[in-house]
file input_29.tsv (TSV, C-alpha atoms)
chain	number	residue	atom	x	y	z
B	63	ILE	CA	35.97	0.71	17.16
B	64	GLU	CA	34.83	-0.01	20.72
B	65	THR	CA	31.45	-1.64	20.03
B	66	ALA	CA	29.90	-3.00	16.83
B	67	ASP	CA	26.09	-3.20	17.06
B	68	PHE	CA	25.42	-4.42	13.51
B	69	VAL	CA	27.50	-5.66	10.57
B	70	LEU	CA	26.44	-5.84	6.90
B	71	THR	CA	28.40	-7.24	3.94
B	72	LEU	CA	28.12	-4.73	1.10
B	73	ASP	CA	30.05	-6.53	-1.65
B	74	THR	CA	33.11	-8.72	-2.05
B	75	GLU	CA	35.39	-5.92	-0.80
B	76	ARG	CA	33.53	-3.92	1.84
B	77	ILE	CA	31.74	-4.42	5.15
B	78	ALA	CA	29.59	-1.82	6.94
B	79	ILE	CA	29.89	-1.67	10.73
B	80	ALA	CA	27.39	0.09	13.02
B	81	THR	CA	28.83	1.80	16.10
B	82	HIS	CA	27.82	4.30	18.79
B	83	HIS	CA	29.62	7.06	16.86
B	84	GLY	CA	28.52	6.67	13.27
B	85	ALA	CA	29.31	3.94	10.74
B	86	TRP	CA	32.53	2.46	9.40
B	87	LEU	CA	33.32	0.91	6.03
B	88	TYR	CA	35.97	-1.79	6.33
B	89	THR	CA	37.98	-3.25	3.46
B	90	PRO	CA	39.41	-6.62	4.65
B	91	TRP	CA	42.08	-7.12	1.99
B	92	ASN	CA	44.04	-3.99	3.03
B	93	HIS	CA	42.55	-3.49	6.52
B	94	HIS	CA	41.37	-0.01	5.60
B	95	PHE	CA	38.69	1.76	7.67
B	96	LEU	CA	36.57	4.67	6.43
B	97	HIS	CA	34.54	6.56	9.04
B	98	ILE	CA	31.09	7.87	8.08
B	99	ASP	CA	30.50	10.86	10.34
B	100	LEU	CA	26.69	11.04	10.50
B	101	SER	CA	26.68	14.39	12.33
B	102	VAL	CA	27.52	16.02	9.00
B	103	SER	CA	24.13	14.91	7.60
B	104	GLY	CA	22.11	16.68	10.29
B	105	THR	CA	20.80	13.57	12.05
B	106	PRO	CA	20.16	14.18	15.78
B	107	ASP	CA	21.82	10.90	16.78
B	108	SER	CA	24.93	9.09	15.49
B	109	HIS	CA	24.32	5.80	17.32
B	110	VAL	CA	23.66	3.39	14.42
B	111	SER	CA	21.15	0.57	14.95
B	112	ASN	CA	21.14	-1.14	11.51
B	113	PHE	CA	21.73	-0.80	7.76
B	114	HIS	CA	20.01	-1.65	4.51
B	115	LEU	CA	21.64	-1.73	1.06
B	116	ASP	CA	19.40	-1.06	-1.95
B	117	SER	CA	19.95	-2.13	-5.57
B	118	ARG	CA	21.44	1.29	-6.45
B	119	LYS	CA	24.29	0.95	-3.96
B	120	GLN	CA	22.71	3.35	-1.52
B	121	LEU	CA	23.36	2.49	2.12
B	122	TRP	CA	20.42	3.36	4.36
B	123	ILE	CA	21.48	3.99	7.94
B	124	HIS	CA	19.05	3.83	10.85
B	125	THR	CA	20.06	5.43	14.14
B	126	TYR	CA	18.36	5.75	17.50
B	127	GLY	CA	17.27	9.27	16.56
B	128	ASN	CA	14.33	10.19	14.35
B	129	GLY	CA	14.73	9.93	10.59
B	130	VAL	CA	17.11	7.93	8.40
B	131	VAL	CA	20.39	8.69	6.57
B	132	ARG	CA	20.99	7.77	2.93
B	133	TYR	CA	24.67	7.29	2.11
B	134	ASP	CA	25.79	7.07	-1.53
B	135	LEU	CA	28.59	4.50	-1.60
B	136	ASN	CA	29.78	5.65	-5.02
B	137	ARG	CA	29.94	9.38	-4.30
B	138	GLY	CA	30.46	9.38	-0.55
B	139	THR	CA	27.58	11.83	-0.04
B	140	MET	CA	24.87	11.76	2.65
B	141	GLN	CA	21.26	12.88	2.98
B	142	TYR	CA	19.18	13.05	6.13
B	143	LEU	CA	15.49	12.23	5.57
B	144	GLN	CA	12.37	12.43	7.73
B	145	THR	CA	8.67	11.82	7.32
B	146	PRO	CA	6.99	15.19	6.54
B	147	LYS	CA	5.78	16.70	9.82
B	148	GLY	CA	2.14	16.86	8.72
B	149	ASP	CA	2.11	13.11	8.01
B	150	ILE	CA	3.40	11.85	11.37
B	151	PRO	CA	0.62	10.16	13.39
B	152	SER	CA	0.71	9.98	17.18
B	153	THR	CA	1.21	6.18	17.09
B	154	SER	CA	4.17	6.19	14.69
B	155	ALA	CA	6.73	6.46	17.50
B	156	ASP	CA	5.95	2.86	18.46
B	157	SER	CA	7.03	1.44	15.09
B	158	VAL	CA	10.40	-0.26	14.57
B	159	PRO	CA	12.28	1.37	11.63
B	160	PHE	CA	13.12	-0.69	8.56
B	161	CYS	CA	13.61	-0.56	4.77
B	162	PHE	CA	12.83	-2.92	1.92
B	163	GLU	CA	12.78	-2.89	-1.87
B	164	ASP	CA	9.81	-4.48	-3.65
B	165	LEU	CA	9.70	-6.36	-6.97
B	166	ASN	CA	8.86	-3.15	-8.86
B	167	GLY	CA	11.99	-1.40	-7.63
B	168	THR	CA	10.14	0.86	-5.19
B	169	PHE	CA	12.19	1.44	-2.07
B	170	TRP	CA	10.05	1.59	1.07
B	171	VAL	CA	11.25	3.29	4.25
B	172	LEU	CA	9.84	3.42	7.75
B	173	PRO	CA	12.10	5.92	9.54
B	174	ARG	CA	12.25	6.11	13.29
B	175	GLY	CA	9.63	8.54	14.56
B	176	GLY	CA	7.87	8.56	11.19
B	177	THR	CA	5.50	6.51	9.10
B	178	LEU	CA	5.74	4.27	6.05
B	179	GLY	CA	6.75	5.97	2.81
B	180	TYR	CA	8.81	5.45	-0.32
B	181	PHE	CA	11.89	7.20	-1.65
B	182	ASP	CA	11.64	9.10	-4.92
B	183	TYR	CA	15.03	8.68	-6.59
B	184	GLU	CA	14.34	11.54	-9.02
B	185	THR	CA	13.40	14.22	-6.48
B	186	HIS	CA	15.47	12.69	-3.64
B	187	ARG	CA	12.48	13.03	-1.33
B	188	LEU	CA	10.84	10.66	1.11
B	189	GLU	CA	7.17	10.51	0.11
B	190	THR	CA	4.44	9.39	2.49
B	191	TYR	CA	2.38	6.52	1.12
B	192	HIS	CA	-1.31	7.29	0.60
B	193	THR	CA	-3.92	4.79	-0.59
B	194	ASP	CA	-5.28	7.73	-2.59
B	195	PRO	CA	-2.50	10.22	-3.48
B	196	SER	CA	-5.08	13.01	-3.96
B	197	LEU	CA	-6.41	12.72	-0.41
B	198	PRO	CA	-3.99	13.52	2.46
B	199	GLU	CA	-6.25	11.81	5.00
B	200	THR	CA	-5.68	8.41	3.32
B	201	ARG	CA	-2.02	8.15	4.40
B	202	PHE	CA	-1.07	4.61	5.43
B	203	THR	CA	-0.03	4.86	9.08
B	204	PRO	CA	0.11	1.45	10.74
B	205	THR	CA	2.13	0.62	13.84
B	206	ILE	CA	4.71	-1.95	12.71
B	207	LEU	CA	6.69	-3.87	15.33
B	208	PHE	CA	7.83	-6.89	13.27
B	209	HIS	CA	7.81	-7.32	9.50
B	210	PHE	CA	8.56	-9.83	6.75
B	211	VAL	CA	8.61	-9.41	2.95
B	212	ASP	CA	7.58	-12.51	0.96
B	213	ARG	CA	8.70	-13.57	-2.53
B	214	GLN	CA	5.77	-11.76	-4.15
B	215	GLY	CA	6.81	-8.48	-2.55
B	216	ASN	CA	3.97	-8.36	-0.03
B	217	LEU	CA	4.69	-6.81	3.36
B	218	TRP	CA	3.57	-8.89	6.34
B	219	TYR	CA	3.62	-7.14	9.68
B	220	THR	CA	2.38	-7.26	13.24
B	221	GLY	CA	1.43	-4.25	15.29
B	222	THR	CA	-0.19	-4.02	18.67
B	223	SER	CA	-2.41	-6.98	17.70
B	224	GLY	CA	-3.00	-9.29	14.75
B	225	LEU	CA	-1.10	-10.16	11.58
B	226	TYR	CA	-1.53	-8.02	8.47
B	227	ARG	CA	-0.52	-8.21	4.81
B	228	ALA	CA	-0.02	-5.09	2.72
B	229	THR	CA	0.38	-5.16	-1.07
B	230	LEU	CA	2.02	-1.83	-1.84
B	231	ARG	CA	2.01	-0.63	-5.43
B	232	PRO	CA	1.88	3.18	-5.48
B	233	ASP	CA	1.97	3.39	-9.28
B	234	ASP	CA	-0.28	0.45	-10.18
B	235	VAL	CA	-3.36	1.10	-8.05
B	236	ARG	CA	-5.99	3.80	-8.52
B	237	TYR	CA	-8.33	4.65	-5.67
B	238	ARG	CA	-11.86	5.90	-6.27
B	239	THR	CA	-14.18	7.15	-3.55
B	240	LEU	CA	-17.79	6.06	-4.11
B	241	ASP	CA	-19.99	6.48	-1.04
B	242	ALA	CA	-18.28	8.30	1.83
B	243	GLU	CA	-17.81	5.98	4.83
B	244	HIS	CA	-19.72	3.18	3.07
B	245	GLU	CA	-17.55	0.24	2.08
B	246	THR	CA	-17.82	-1.79	-1.11
B	247	ARG	CA	-19.69	-5.05	-0.57
B	248	ALA	CA	-19.66	-6.78	-3.98
B	249	LEU	CA	-17.67	-6.68	-7.24
B	250	MET	CA	-18.32	-8.46	-10.52
B	251	THR	CA	-17.08	-8.14	-14.12
B	252	ASP	CA	-19.75	-9.27	-16.60
B	253	SER	CA	-19.45	-10.82	-20.07
B	254	HIS	CA	-19.40	-7.31	-21.63
B	255	ASN	CA	-16.35	-6.44	-19.50
B	256	ARG	CA	-18.40	-4.04	-17.41
B	257	LEU	CA	-17.64	-3.69	-13.72
B	258	TRP	CA	-20.54	-3.94	-11.25
B	259	VAL	CA	-19.91	-2.39	-7.83
B	260	ALA	CA	-22.33	-2.63	-4.90
B	261	THR	CA	-21.78	-0.53	-1.79
B	262	LYS	CA	-23.20	-0.51	1.72
B	263	GLY	CA	-24.98	2.73	0.85
B	264	GLY	CA	-27.46	0.70	-1.23
B	265	TYR	CA	-26.15	1.65	-4.66
B	266	VAL	CA	-25.19	-0.65	-7.55
B	267	ARG	CA	-22.91	1.15	-9.98
B	268	ILE	CA	-22.03	-0.16	-13.43
B	269	PHE	CA	-18.78	0.95	-15.06
B	270	ASN	CA	-17.81	0.57	-18.71
B	271	SER	CA	-14.67	-1.34	-19.71
B	272	ASP	CA	-12.71	1.94	-19.61
B	273	LEU	CA	-13.99	2.45	-16.00
B	274	SER	CA	-16.20	5.39	-16.98
B	275	LEU	CA	-19.54	5.33	-15.16
B	276	LEU	CA	-22.36	3.80	-17.20
B	277	GLY	CA	-24.98	4.39	-14.52
B	278	TYR	CA	-26.86	3.13	-11.45
B	279	LEU	CA	-29.11	0.08	-11.38
B	280	GLY	CA	-32.50	1.18	-10.09
B	281	HIS	CA	-35.28	-0.83	-8.45
B	282	ASP	CA	-37.17	-0.63	-11.79
B	283	GLY	CA	-34.40	-2.58	-13.54
B	284	ALA	CA	-33.21	0.41	-15.59
B	285	ILE	CA	-29.68	1.80	-15.61
B	286	HIS	CA	-30.00	5.46	-14.58
B	287	LYS	CA	-27.54	8.26	-15.23
B	288	THR	CA	-28.39	9.93	-11.91
B	289	GLN	CA	-27.64	8.43	-8.49
B	290	THR	CA	-30.44	5.91	-7.89
B	291	PRO	CA	-30.58	3.34	-5.08
B	292	PHE	CA	-31.28	-0.35	-5.60
B	293	LEU	CA	-33.66	-2.52	-3.58
B	294	GLY	CA	-31.20	-3.50	-0.83
B	295	ASN	CA	-27.58	-3.95	0.20
B	296	VAL	CA	-26.05	-6.37	-2.30
B	297	TYR	CA	-23.41	-8.76	-0.98
B	298	ARG	CA	-22.88	-11.01	-4.00
B	299	ILE	CA	-23.31	-10.70	-7.79
B	300	ILE	CA	-22.88	-13.53	-10.29
B	301	GLU	CA	-23.58	-13.84	-14.02
B	302	THR	CA	-24.79	-17.03	-15.68
B	303	LYS	CA	-23.71	-18.29	-19.11
B	304	ASN	CA	-26.81	-16.80	-20.76
B	305	GLY	CA	-26.07	-13.30	-19.40
B	306	GLU	CA	-28.59	-13.32	-16.55
B	307	LEU	CA	-27.60	-11.99	-13.14
B	308	TRP	CA	-28.24	-13.10	-9.58
B	309	MET	CA	-27.81	-10.76	-6.65
B	310	GLY	CA	-27.74	-11.82	-3.01
B	311	THR	CA	-28.75	-9.18	-0.46
B	312	ARG	CA	-28.94	-8.79	3.29
B	313	MET	CA	-32.49	-9.17	4.64
B	314	ARG	CA	-34.04	-8.52	1.20
B	315	GLY	CA	-33.64	-11.92	-0.37
B	316	LEU	CA	-32.36	-12.97	-3.79
B	317	PHE	CA	-32.85	-10.99	-7.02
B	318	HIS	CA	-32.85	-12.43	-10.53
B	319	LEU	CA	-32.06	-10.02	-13.39
B	320	ARG	CA	-32.91	-10.95	-16.96
B	321	PRO	CA	-31.72	-8.61	-19.75
B	322	ASP	CA	-34.63	-6.65	-21.25
B	323	GLY	CA	-32.98	-4.42	-23.80
B	324	GLU	CA	-29.57	-2.71	-23.85
B	325	HIS	CA	-29.78	-0.85	-20.53
B	326	ARG	CA	-32.65	-2.50	-18.71
B	327	TYR	CA	-33.28	-5.70	-16.74
B	328	HIS	CA	-36.43	-7.48	-15.70
B	329	ILE	CA	-36.13	-8.09	-11.94
B	330	THR	CA	-37.67	-10.98	-10.03
B	331	SER	CA	-37.45	-11.04	-6.24
B	332	TYR	CA	-37.20	-14.25	-4.18
B	333	ARG	CA	-37.60	-14.10	-0.41
B	334	HIS	CA	-37.77	-16.80	2.24
B	335	ASP	CA	-41.31	-17.63	3.33
B	336	PRO	CA	-41.24	-19.52	6.66
B	337	THR	CA	-44.87	-20.58	6.18

call {"tool": "encode", "arguments": {"input": "input_29.tsv", "output": "structure tokens"}}
result
Amino acid sequence: IETADFVLTLDTERIAIATHHGAWLYTPWNHHFLHIDLSVSGTPDSHVSNFHLDSRKQLWIHTYGNGVVRYDLNRGTMQYLQTPKGDIPSTSADSVPFCFEDLNGTFWVLPRGGTLGYFDYETHRLETYHTDPSLPETRFTPTILFHFVDRQGNLWYTGTSGLYRATLRPDDVRYRTLDAEHETRALMTDSHNRLWVATKGGYVRIFNSDLSLLGYLGHDGAIHKTQTPFLGNVYRIIETKNGELWMGTRMRGLFHLRPDGEHRYHITSYRHDPT
């Protein structure tokens, strides 16, 4: 071994050593070296930059070429993985490759020349992470130059500017598109366990406890089954102890909603009068 660029302790008996010509596994007690010839895997570069060991005794090997190599320490087998070609953004080449395993056991990989994804241990595929798995355009493609994983499993990273935190739970989060290109401005769960959602598009949706749509709050105070706009863009919703609601809007003042039957509210509007 001429040059060792990175060294990782695997267990009480083995050490992984990164070199310009693949990786080596060294056993100190008998001075035995085992060469991992990465060219067999199909990777375009055998110059190893760093390693990561997951909880399943899989050694993830980053090189200075695109992609990443997964080496099974128990079987001695290798697999070369890349981000699917259709999911590689133009900015991904700037990211620094890394791996980490979150508290749920999901193994996240940012391969060189690719974008953030997670490894499916059942299919042995590297899956691109999407905020909505049903929509390809929602793939999560940040530029990551430095990263840190906290005790709660959140990923903190810096890119070309700013500090970001990403909570990544591909199996625990469901994404629902409401108004295209209009962000959600207010959320509130009422005493009946119904979810109120106000968007920039001027709609106030009410969902049942099972997240099925109950309807839209109209300017007449009724809950409509068809898409009906409210009186303004709602930024805040609160419920009082007696079940009445207050809604704060932008440029339209404050609205007071008093229940008037099962699916209707009596609305009172309050606006600032400078006189």

call {"tool": "residues_around", "arguments": {"input": "input_29.tsv", "residues": "region 299-313 of chain B", "least_positions_apart": "2", "cutoff": "9 Å", "atoms": "all atoms listed in the file", "output": "list in words"}}
result
Ala248, Leu249, Met250, Thr251, Asp252, Ser253, Trp258, Val259, Ala260, Leu293, Gly294, Asn295, Val296, Tyr297, Gly315, Leu316, Phe317, His318, Leu319, Arg320, Pro321, Tyr327 and Arg333 of chain B

call {"tool": "residues_around", "arguments": {"input": "input_29.tsv", "residues": "Pro198 (chain B)", "least_positions_apart": "3", "cutoff": "12 Å", "atoms": "only C-alpha atoms", "output": "MDAnalysis selection string"}}
result
chainID B and resid 146 148:150 189:195 201:203

call {"tool": "write_last_selection", "arguments": {"input": "input_29.tsv", "atoms": "C-alpha atoms", "output": "compact mmCIF listing (two decimals), keeping the file's coordinate frame"}}
result
# COMPACT_ATOMS: atom_id res chain seq x y z
CA PRO B 146 6.99 15.19 6.54
CA GLY B 148 2.14 16.86 8.72
CA ASP B 149 2.11 13.11 8.01
CA ILE B 150 3.40 11.85 11.37
CA GLU B 189 7.17 10.51 0.11
CA THR B 190 4.44 9.39 2.49
CA TYR B 191 2.38 6.52 1.12
CA HIS B 192 -1.31 7.29 0.60
CA THR B 193 -3.92 4.79 -0.59
CA ASP B 194 -5.28 7.73 -2.59
CA PRO B 195 -2.50 10.22 -3.48
CA ARG B 201 -2.02 8.15 4.40
CA PHE B 202 -1.07 4.61 5.43
CA THR B 203 -0.03 4.86 9.08

call {"tool": "residues_near_point", "arguments": {"input": "input_29.tsv", "point": "(32.8, 13.8, -0.1)", "cutoff": "12 Å", "atoms": "only C-alpha atoms", "output": "list in words"}}
result
Leu96, His97, Ile98, Asp99, Val102, Ser103, Tyr133, Asp134, Leu135, Asn136, Arg137, Gly138, Thr139, Met140 and Gln141 of chain B

call {"tool": "axis_aligned_box", "arguments": {"input": "input_29.tsv", "around": "region 109-124 of chain B", "padding_each_side": "5 Å", "output": "lines of an AutoDock Vina configuration file"}}
result
center_x = 21.7
center_y = 1.8
center_z = 5.4
size_x = 15.3
size_y = 17.9
size_z = 33.8

call {"tool": "residues_around", "arguments": {"input": "input_29.tsv", "residues": "His209 (chain B)", "least_positions_apart": "3", "cutoff": "9 Å", "atoms": "only C-alpha atoms", "output": "JSON, numbers by chain"}}
result
{"B": [160, 206, 217, 218, 219, 220]}

call {"tool": "residues_near_point", "arguments": {"input": "input_29.tsv", "point": "(20.4, 13.4, 6.7)", "cutoff": "6 Å", "atoms": "only C-alpha atoms", "output": "PyMOL selection string"}}
result
chain B and resi 103-105+131+141-143

call {"tool": "atom_distance", "arguments": {"input": "input_29.tsv", "atom1": "CA of His114 (chain B)", "atom2": "CA of Ala85 (chain B)"}}
result
12.5 Å

call {"tool": "residues_around", "arguments": {"input": "input_29.tsv", "residues": "Leu165 (chain B)", "least_positions_apart": "3", "cutoff": "8 Å", "atoms": "all atoms listed in the file", "output": "count of residues only"}}
result
3

call {"tool": "residues_around", "arguments": {"input": "input_29.tsv", "residues": "Ile268 (chain B)", "least_positions_apart": "6", "cutoff": "9 Å", "atoms": "all atoms listed in the file", "output": "VMD selection string"}}
result
chain B and resid 256 to 260 274 to 279 285

call {"tool": "closest_residue", "arguments": {"input": "input_29.tsv", "among": "B:Leu100, B:Leu172, B:Val110, B:Val266", "to": "Ile79 (chain B)", "atoms": "all atoms listed in the file"}}
result
B:Val110
